[in-house]
Every structure is written in structure tokens, then in C-alpha cells.
Amino acid sequence: MQEKDLHYIAEKSDAQLFQAHNVIEMLNEGMNVPFISRYRKEKTGSLDEVKINAIKEQFEYIDELNKRKETVLKTIEEQGKLTDELKKQIEDTYSKVELEDIYLPYKPKRRTKATIAKEKGLEPLATIIFDEKIVGFPGELAVEYVSEEKGVASIEEAVEGAGYIIAEWFSESAIARKIIREEVAEKGMLTVSVTEEWKEKRSKFEQYYDFKELVKSIPSHRFLAIRRGESEDVLTFRIDVDKELLLAKVEPMLFSRKHPRRDFLSEVMKDAYQRLIFPSVESDVLSELKRKSDEEAIEVFATNLKKLLLAPAAGSMRGMGVDPGYRTGCKLVVVDETGKLLDTATIFPTKPFEKIEEATEVVVRLIQHYAIKAVAIGNGTASRETSTFFKKIVPKGVTVSVVSESGASIYSVSEVARQEFPEHDVTVRGSVSIARRFQDPLAELVKIDPKSIGVGQYQHDVNQGLLKKKLDNVVVMVVNNVGIDLNTASHHVLKYISGIGDVLAKNIVKYRDEHGMFKNRREVLKVAKFGEKAFQQSAGFMRIINGDNLLDSTGIHPESYGIVENMMTKLDVQLTDLVRNKELITLVNPQEFITKEFGLPTIKDILGELLHPGKDPRKDFEVFEFSEEVMEFEDVKEGMMLKGIVTNVTRFGAFVDIGVHQDALIHISELSNKFIRSPEEVVSVGDKVNAKVVKVDPELRRIHLSLKRR
């Protein structure tokens with residue numbers, strides 16, 4: 001990699017040069033982002049995962065760009081047209097679009113009007129017409145190019161053909177395309193209209209029926225909504241720009257105002273613009289707008305997913321999972337402290353059957369027989385009625401909680417669920433998922449495709465490859481941040497640990513099943529295909545509870561155990577005396593334990609882990625209850641104050657579950673009394689809010705809330 005490439009990566013990722021250099025070096029050595037972030041702070045200047053991922057993304061972009069440059073240079077060189085100036089121009093660009101503009105004149109072409117004209121021998125005429133030093137009208141210069149043999153029947157045809165060739169030259173001007181593209185992106189107006197079929201109908205896109213906004217300022221959520229409207233044949237859109245002003249700006253760069261055939265070339269320029277340049281540039285600008293909108297939407301999705309995965313865990317306790325329903329009944333499952341399925345049942349406590357007595361008998365019997373401590377009810381159909389029923393009958397001390405069942409149905413029909421419960425149907429699998437996500441949301445949600453969890457913004461409309469990559473990064477970041485118990489985690493969670501992956505994760509579970517619990521971290525090296533490199537990358541994120549070494553239950557990496565031993569020697573204490581002992585830990589002078597490999601950041605992290613070993617970054621679990629006065633959409637009235645849980649945050653506001661099977665919206669303008677640029681400044685997924693109902697739209701079944709204090 002060239003020095004200028006490194007400077008570009010550092011600038012684009014907002015990092016210092018040494019940080020970019022060291023991160024790229026470690027990535028090339030096969031180190032993973034979580035490991036680099038957590039255990040190589042001295043080399044990165046304590047960059048977090050987000051910054052390291054940014055460097056990684058820019059590094060990958062440059063790698064792709066350089067490979068494309070090699071192809072372009074080779075192709076042009078093979079044509080014998082590569083000059084030193086052209087080579088420098090290609091090597092100096094960092095834009096993929098501009099690279100393609102430069103390459104355009106040398107790119108193999110399909111059959112066009114210009115190529116047909118060239119086949120008729122009209123390229124010399126085009127050269128003559130374009131030459132400012134030659135005088136004469138186009139028709140006068142074209143006389144000798146009329147040839148029935150070559151298919152040029154008249155002077156007009158000759159001039160027209162030469163015009164097509166010149167138009168193609170104009171369209172291949174990299175500088176002209178760049179200026180037009182920049183002008184369209186800066187001053188272009190996205191103009192949206194409703195289709196004939198929908199003119200007299202209401203829809204969720206009605207605010208865009210007659211809509212205009214500058215391309216440069218349209219928010220991502222608005223553009224993605226417009227694109228969705230187009231895909232559903234409700235809307236059409238285009239970019240409008242002042243063509244005359246644009247041509248007046250570009251024209252002088254293509255030919256002189258004093259050119260003897262300026263009027264003709266101006267018409268050719270208009271043809272080139274209308275037929276060749278603008279459609280391509282409009283597509284480029286819309287593609288760039290889509291890319292930026294996708295990135296912003298994906299960033300919103302990633303933020304929401306992170307919050308959801310870090311949702312408080314109720315912990316290991318025997319529980320009952322309930323998938324509520326009306327006619328088909330409520331499917332019950334009982335799981336033990338590890339999430340293992342113990343029993344199932346179906347009850348009908350709600351309409352239309354209302355078998356209250358029979359349902360009560362079943363529930364109470366299961367709770368008593370299995371010593372159940374908590375009941376987790378999915379928030380889907382019949383959730384509120386089912387919750388009310390359970391609260392009336394469960395014994396004192398048993399928690400009743402409503403949990404999000406987003407993605408549970410996806411899990412229930414997945415290959416993962418079929419492998420776990422081959423003998424049970426989808427209703428049982430869904431109920432188990434509900435019970436387990438109450439115990440530990442992270443461990444259960446990692447089994448579901450992140451984009452199916454429902455915390456995104458137009459997630460099915462954005463770049464799916466980019467979405468998957470970003471969401472996978474989030475899952476990896478969260479799993480490694482929390483740390484995973486090596487003796488209880490499923491392979492679905494283990495595979496996200498830095499350096500492990502699917503194969504090693506399955507091998508770990510297989511070894512555990514055959515040999516029993518791991519006693520220490522290094523024992524994992526006995527697992528098939530588990531080498532020292534994988535151990536280096538993963539060890540610090542694996543936890544061994546009640547194992548041979550207390551340090552194995554912390555986030556301290558085994559490579560640093562020697563530092564802890566030196567601290568123990570210095571203080572003349574045992575490890576059990578030092579862990580969680582704030583008084584002793586404060587006596588440690590970090591400067592005394594700095595080594596050649598590990599500096600102050602690592603020493604401070606070690607002390608933090610000794611004080612709070614294996615600290616879970618997730619908040620403590622709290623039971624939440626919806627407002628009792630509303631059960632259905634029809635119960636919601638303007639002016640009410642309702643309790644809710646934020647289920648999704650977008651760029652235009654936040655969606656809130658208020659317990660009526662229809663999420664309500666708090667628009668960004670209603671989130672705060674003060675100006676905010678983004679909803680994330682005020683709310684996050686999982687937040688509990690108390691909001692006022694400001695509007696109810698029965699026709700479109702929309703509820704609008706406000707957090708403003710009026």
C-alpha cells in the first residue's frame with residue numbers, strides 16, 4: 001500500500017496516521033476487530049470498535065479501488081493509449097465514479113449511433129468539424145463524405161453522423177461529467193408525483209403526492225420512503241435541474257465561444273447532454289443518494305440492534321414462555337435455568353372460548369410442579385388479555401412480564417429451530433424463544449437473522465450485502481463486549497466470539513458434550529482444529545465460572561496473567577484476596593507494571609477487571625406494565641397519557657409499543673421541547689416512556705404520541 005493511500009484511509013476514518021497503519025498491519029496479520037480494540041490499545045491509541053471498523057472499511061475500499069485501477073491501466077495500456085499524464089490521473093483519483101469517467105473513452109462499447117457513424121467513415125469529418133482552425137459550415141465540410149457505398153446518402157446524413165460522434169466525445173469528457181454530476185447533486189431537485197391510479201386514493205405515501213426537495217438535503221428516510229412508493233406503483237420521481245444554466249457552464253470547457261461552428265456544436269452538446277450524459281449522471285446521483293440513504297438507514301438499524309441485544313437479562317431462572325392467541329389458544333412451555341424445554345401445554349383463557357377455570361388449573365399446576373419463577377408473554381395477538389389473566393392467577397413471587405416476540409416466528413420455522421426441536425411444531429418453538437429471550441435476550445436473538453428482528457428502517461429496501469455485514473459486526477461487537485460463558489453458551493453464540501467462527505463453535509460444544517465442563521481457558525486448545533492463533537483472538541472473551549483459575553472468569557487476557565501475578569507478589573496477597581478488593585487495588589501503582597508489550601491502557605483495564613470481574617455491561621432487568629385503561633386500538637383517545645416501550649428508532653422518530661397491537665409513532669418534532677437533530681439524542685430501543693396521545697387516525701390505523709411537556 002502506498003503512503004498516499006494510508007493518508008486517505010486515516011483522513012476518511014478520522015484517525016491518526018499511526019493508528020491507521022497499526023490497525024491495517026494487525027488486520028493483515030489475521031487479528032480481529034474485537035481483539036484489536038480490547039487488547040491492543042497501545043497500538044491503536046485506545047480506538048474503539050467503531051473507529052477500527054471504519055479503518056477496516058476504508059482499507060477494503062482502497063483495496064477494491066486499487067484492483068480496479070490495475071484493470072483499467074492494463075486495458076488502456078493494451079490499446080497503446082496510456083500516457084504518463086493519464087496514468088497519473090488514474091492513480092491519483094480516489095473516487096470509483098471518477099475512475100469510470102476517466103476510463104469511459106477507452107471502455108469497450110456496445111453498438112451506438114456514434115459507432116455506426118464511424119463505420120460509415122465519418123470520424124475524420126467529425127474531427128474536421130470540431131477543429132477550430134478550419135473554417136466553413138458543417139454542410140460545406142461534409143460534401144466529400146457523401147457516399148452511397150458507405151451508406152451516407154446525403155450531406156445531412158453525413159453531418160448528422162459526425163454530430164453523433166462529437167456528441168459521444170462530449171459525453172466521454174471526464175471533466176464535463178464531473179461538473180454536471182456535481183451540479184445535479186448540489187442544485188438538482190427531486191420531484192415526486194403520484195401515479196394516475198392513486199390520485200384520488202389515500203395511502204401511507206400521500207405526503208409525497210406532489211413533493212419537491214433538493215437532492216443534497218433530502219433525509220435518508222424520506223428518499224427510501226419515496227423509492228418504496230415507486231416500487232409499489234404509487235409514486236414516480238425524477239431529478240429536475242436548470243439545463244440551460246448547466247450547459248452554459250460546461251460548454252466553454254468543450255469548445256471555444258469563438259468556434260466557427262459554435263451554433264452546431266451547441267446543438268450537439270444539447271443532444272449529448274439529453275441523450276448520453278444526463279441519464280447516466282442522474283443514475284449516478286440517484287445511486288449515490290441511495291448509497292448514502294442505505295448507509296444512514298443501516299446505521300440506524302445497527303444502533304437499534306445493539307440496544308436490543310444489550311437488553312437486560314432476567315437471568316437463569318425456571319420460566320414459562322407464553323405465545324398468546326385467541327382461537328388457537330395460548331401455547332405454554334416450561335424451560336429450566338439453562339433454557340432446556342421441560343414441558344408444554346395449551347390453554348384457552350381468552351375469547352372466544354374463555355376456559356378460565358381449566359386454564360387456571362393447568363398454569364398453577366405447572367408453576368408448582370416445576371417451581372417456576374417467571375412467566376414471559378409474547379407481545380403479539382391477545383397479549384394484553386393473556387397478561388391480565390396470568391396476573392390474576394399466578395402465586396405471589398412469580399414475575400409476569402410481556403416481552404417482544406419480534407423474530408420469534410422467523411426462528412420457529414428456521415433450520416436452527418428444527419435442529420433444536422425436531423419433534424415439536426412452530427408454536428412450541430416460538431414459545432421457547434419467548435421464554436429464553438426473557439432469560440437472556442442476547443443468547444436467543446443471535447439465532448435469528450438480525451434484519452428479521454424488526455428494528456430497522458426500510459431494511460428490505462437497502463443494500464442487503466452491506467446490511468448483513470454491518471449487522472454481523474454489531475452482533476460480534478456485542479457478544480465480545482458482554483463475554484460468553486464457555487460452559488453454557490450454544491454454538492450460535494460461540495461462533496461470534498473473536499477468532500472462533502461456526503466450525504470451532506460446533507467443535508467446542510461437541511468437546512463439552514463428550515468431556516464435560518471446561519476447567520480453564522487453555523483446555524479449549526484440546527478442541528479439534530483449535531490452534532494458538534484462535535486462542536489468542538478468543539481467550540479474553542470466553543469465561544470459565546468456578547474453574548481452576550479465578551482470572552478465567554474475567555475479561556483479563558491470559559497473556560496478561562503474569563502482570564496480575566506480579567501485582568500479587570508486590571502486595572504479598574493471594575488472588576482471592578485481591579479480586580473485588582477496592583482497598584488493595586487502589587494501592588497498585590499502574591506505572592510499576594508497564595512492560596514492553598503492555599502499557600498504561602492495558603494495566604488500567606486489568607485493574608478494572610479485578611475490581612469488577614466479568615462485569616456485564618447490560619442494565620438490571622425491570623418488569624414493565626402497560627397502561628391498564630387501553631387494551632385495543634379503539635381504546636386510545638387523544639389526550640391520554642400512556643406507558644410504552646420503544647421498539648424502533650428511525651431518523652424521523654420513534655415507534656412505541658403501547659400494548660394495543662399497533663405501534664404508535666413519536667415524530668422527531670414531538671420528542672423534545674428543544675431542537676434535536678436525531679431521535680437517538682432522546683430515546684433508544686428498549687426505553688420505557690410515558691407519552692401523550694396527540695392524534696389518532698382510525699382510517700390508516702395510526703397513533704401519534706408526544707414526549708413534549710406542554
# chains A, B, ... in the order shown; residues from 1 in each chain; ligands from 1
$ residues_around --residues "Glu77 of chain A" --least-positions-apart "6" --cutoff "12 Å" --atoms "only C-alpha atoms" --output "VMD selection string"
chain A and resid 69 to 71 83 to 84 86 to 87 103 106
$ write_last_selection --atoms "C-alpha atoms" --output "JSON list (two decimals), in the first residue's frame"
[["chain", "number", "residue", "atom", "x", "y", "z"],
["A", 69, "LYS", "CA", -7.21, 0.74, -11.25],
["A", 70, "GLU", "CA", -4.91, -2.14, -12.21],
["A", 71, "THR", "CA", -7.55, -3.47, -14.62],
["A", 83, "THR", "CA", 0.25, 8.26, -21.37],
["A", 84, "ASP", "CA", 2.13, 9.37, -18.25],
["A", 86, "LEU", "CA", -3.37, 9.64, -17.99],
["A", 87, "LYS", "CA", -1.63, 7.14, -15.71],
["A", 103, "TYR", "CA", -11.94, 5.03, -18.32],
["A", 106, "TYR", "CA", -11.29, 3.51, -23.60]]
$ select_by_dssp --residues "segment 553-698 of chain A" --states "strand (DSSP E)" --output "ChimeraX atom specification"
/A:641-650,653-657,664-667,688-697
$ write_last_selection --atoms "C-alpha atoms" --output "PDB file, in the first residue's frame"
ATOM      1  CA  MET A 641     -51.012   9.598  28.881  1.00  0.00           C
ATOM      2  CA  LEU A 642     -49.834   6.073  28.064  1.00  0.00           C
ATOM      3  CA  LYS A 643     -46.885   3.911  29.096  1.00  0.00           C
ATOM      4  CA  GLY A 644     -44.904   2.261  26.322  1.00  0.00           C
ATOM      5  CA  ILE A 645     -41.656   0.627  25.263  1.00  0.00           C
ATOM      6  CA  VAL A 646     -39.635   1.998  22.343  1.00  0.00           C
ATOM      7  CA  THR A 647     -39.480  -0.777  19.748  1.00  0.00           C
ATOM      8  CA  ASN A 648     -37.772   1.024  16.877  1.00  0.00           C
ATOM      9  CA  VAL A 649     -35.931   4.301  16.308  1.00  0.00           C
ATOM     10  CA  THR A 650     -35.709   5.833  12.830  1.00  0.00           C
ATOM     11  CA  GLY A 653     -38.958   9.446  15.051  1.00  0.00           C
ATOM     12  CA  ALA A 654     -39.530   6.519  17.378  1.00  0.00           C
ATOM     13  CA  PHE A 655     -42.107   3.727  17.352  1.00  0.00           C
ATOM     14  CA  VAL A 656     -43.598   2.730  20.679  1.00  0.00           C
ATOM     15  CA  ASP A 657     -45.455  -0.399  21.776  1.00  0.00           C
ATOM     16  CA  ALA A 664     -47.547   4.351  17.892  1.00  0.00           C
ATOM     17  CA  LEU A 665     -45.207   6.973  16.436  1.00  0.00           C
ATOM     18  CA  ILE A 666     -43.459   9.799  18.235  1.00  0.00           C
ATOM     19  CA  HIS A 667     -42.324  12.079  15.409  1.00  0.00           C
ATOM     20  CA  LYS A 688     -39.671   2.923  28.740  1.00  0.00           C
ATOM     21  CA  VAL A 689     -41.657   6.116  28.110  1.00  0.00           C
ATOM     22  CA  ASN A 690     -44.795   7.858  29.326  1.00  0.00           C
ATOM     23  CA  ALA A 691     -46.225   9.730  26.344  1.00  0.00           C
ATOM     24  CA  LYS A 692     -49.298  11.759  25.444  1.00  0.00           C
ATOM     25  CA  VAL A 693     -51.617  10.766  22.608  1.00  0.00           C
ATOM     26  CA  VAL A 694     -51.826  13.754  20.234  1.00  0.00           C
ATOM     27  CA  LYS A 695     -53.608  12.181  17.245  1.00  0.00           C
ATOM     28  CA  VAL A 696     -55.478   9.005  16.307  1.00  0.00           C
ATOM     29  CA  ASP A 697     -56.147   8.161  12.638  1.00  0.00           C
TER      30      ASP A 697
END
$ atom_distance --atom1 "atom CA of Arg436 of chain A" --atom2 "atom CA of Ile377 of chain A"
11.2 Å
$ closest_residue --among "A:Thr602, A:Asn487, A:Asn304, A:Asn480" --to "Lys43 of chain A" --atoms "only C-alpha atoms"
A:Thr602
$ closest_atom_pairs --of "segment 270-357 of chain A" --to "segment 217-224 of chain A" --cutoff "8 Å" --atoms "only C-alpha atoms" --output "JSON lines"
{"residue": "A:Lys290", "atom": "CA", "partner": "A:Leu224", "partner_atom": "CA", "distance": 7.6}
{"residue": "A:Lys292", "atom": "CA", "partner": "A:Ser220", "partner_atom": "CA", "distance": 7.3}
{"residue": "A:Ser293", "atom": "CA", "partner": "A:Ser220", "partner_atom": "CA", "distance": 4.2}
{"residue": "A:Asp294", "atom": "CA", "partner": "A:Ser220", "partner_atom": "CA", "distance": 7.3}
{"residue": "A:Glu296", "atom": "CA", "partner": "A:Ser220", "partner_atom": "CA", "distance": 6.5}
{"residue": "A:Ala297", "atom": "CA", "partner": "A:Ser220", "partner_atom": "CA", "distance": 6.8}
$ closest_residue --among "A:Lys216, A:Glu251, A:Tyr458, A:Glu629" --to "Asp263 of chain A" --atoms "only C-alpha atoms"
A:Glu251
$ atom_distance --atom1 "atom CA of Leu494 of chain A" --atom2 "atom CA of Pro450 of chain A"
16.4 Å
$ atom_distance --atom1 "atom CA of Gly315 of chain A" --atom2 "atom CA of Gly659 of chain A"
24.5 Å
$ closest_residue --among "A:Lys41, A:Ser452, A:Glu168, A:Ile347" --to "Leu104 of chain A" --atoms "only C-alpha atoms"
A:Glu168
$ decode --residues "segment 391-445 of chain A" --atoms "C-alpha atoms" --output "short mmCIF file (atom, residue, chain, number, x, y, z; two decimals), in the first residue's frame"
data_model
loop_
_atom_site.label_atom_id
_atom_site.label_comp_id
_atom_site.auth_asym_id
_atom_site.auth_seq_id
_atom_site.Cartn_x
_atom_site.Cartn_y
_atom_site.Cartn_z
CA LYS A 391 -51.52 -11.64 36.79
CA LYS A 392 -54.76 -12.70 38.48
CA ILE A 393 -53.80 -16.35 39.00
CA VAL A 394 -50.03 -16.69 39.49
CA PRO A 395 -48.81 -17.19 43.06
CA LYS A 396 -47.06 -14.36 44.87
CA GLY A 397 -43.37 -14.14 43.97
CA VAL A 398 -43.82 -15.24 40.35
CA THR A 399 -42.97 -12.47 37.88
CA VAL A 400 -45.26 -11.85 34.91
CA SER A 401 -43.64 -9.90 32.08
CA VAL A 402 -44.51 -9.08 28.47
CA VAL A 403 -41.55 -9.46 26.11
CA SER A 404 -41.07 -8.61 22.45
CA GLU A 405 -41.65 -11.58 20.19
CA SER A 406 -40.14 -9.88 17.13
CA GLY A 407 -38.40 -12.55 15.11
CA ALA A 408 -39.79 -15.45 17.19
CA SER A 409 -41.91 -16.62 14.26
CA ILE A 410 -38.84 -16.42 12.00
CA TYR A 411 -36.87 -18.51 14.47
CA SER A 412 -39.69 -21.07 14.83
CA VAL A 413 -39.52 -22.04 11.14
CA SER A 414 -35.73 -21.78 10.85
CA GLU A 415 -33.28 -24.64 10.40
CA VAL A 416 -31.83 -23.78 13.81
CA ALA A 417 -35.23 -24.33 15.48
CA ARG A 418 -35.86 -27.54 13.55
CA GLN A 419 -32.50 -28.90 14.72
CA GLU A 420 -33.21 -27.93 18.34
CA PHE A 421 -36.81 -29.20 18.42
CA PRO A 422 -37.38 -31.64 15.55
CA GLU A 423 -40.33 -33.28 17.33
CA HIS A 424 -42.20 -30.04 18.12
CA ASP A 425 -44.25 -27.70 15.95
CA VAL A 426 -43.67 -24.00 15.29
CA THR A 427 -45.89 -22.83 18.17
CA VAL A 428 -43.77 -24.67 20.73
CA ARG A 429 -40.54 -23.40 19.18
CA GLY A 430 -41.85 -19.81 19.22
CA SER A 431 -42.85 -20.09 22.88
CA VAL A 432 -39.43 -21.45 23.82
CA SER A 433 -37.82 -18.50 22.06
CA ILE A 434 -40.02 -16.12 24.08
CA ALA A 435 -39.07 -17.81 27.36
CA ARG A 436 -35.37 -17.83 26.55
CA ARG A 437 -35.21 -14.22 25.41
CA PHE A 438 -36.65 -13.30 28.82
CA GLN A 439 -33.76 -15.17 30.48
CA ASP A 440 -31.05 -13.87 28.12
CA PRO A 441 -32.09 -11.82 25.05
CA LEU A 442 -28.60 -11.87 23.56
CA ALA A 443 -28.20 -15.66 23.64
CA GLU A 444 -31.55 -16.13 21.90
CA LEU A 445 -31.59 -13.25 19.43
#
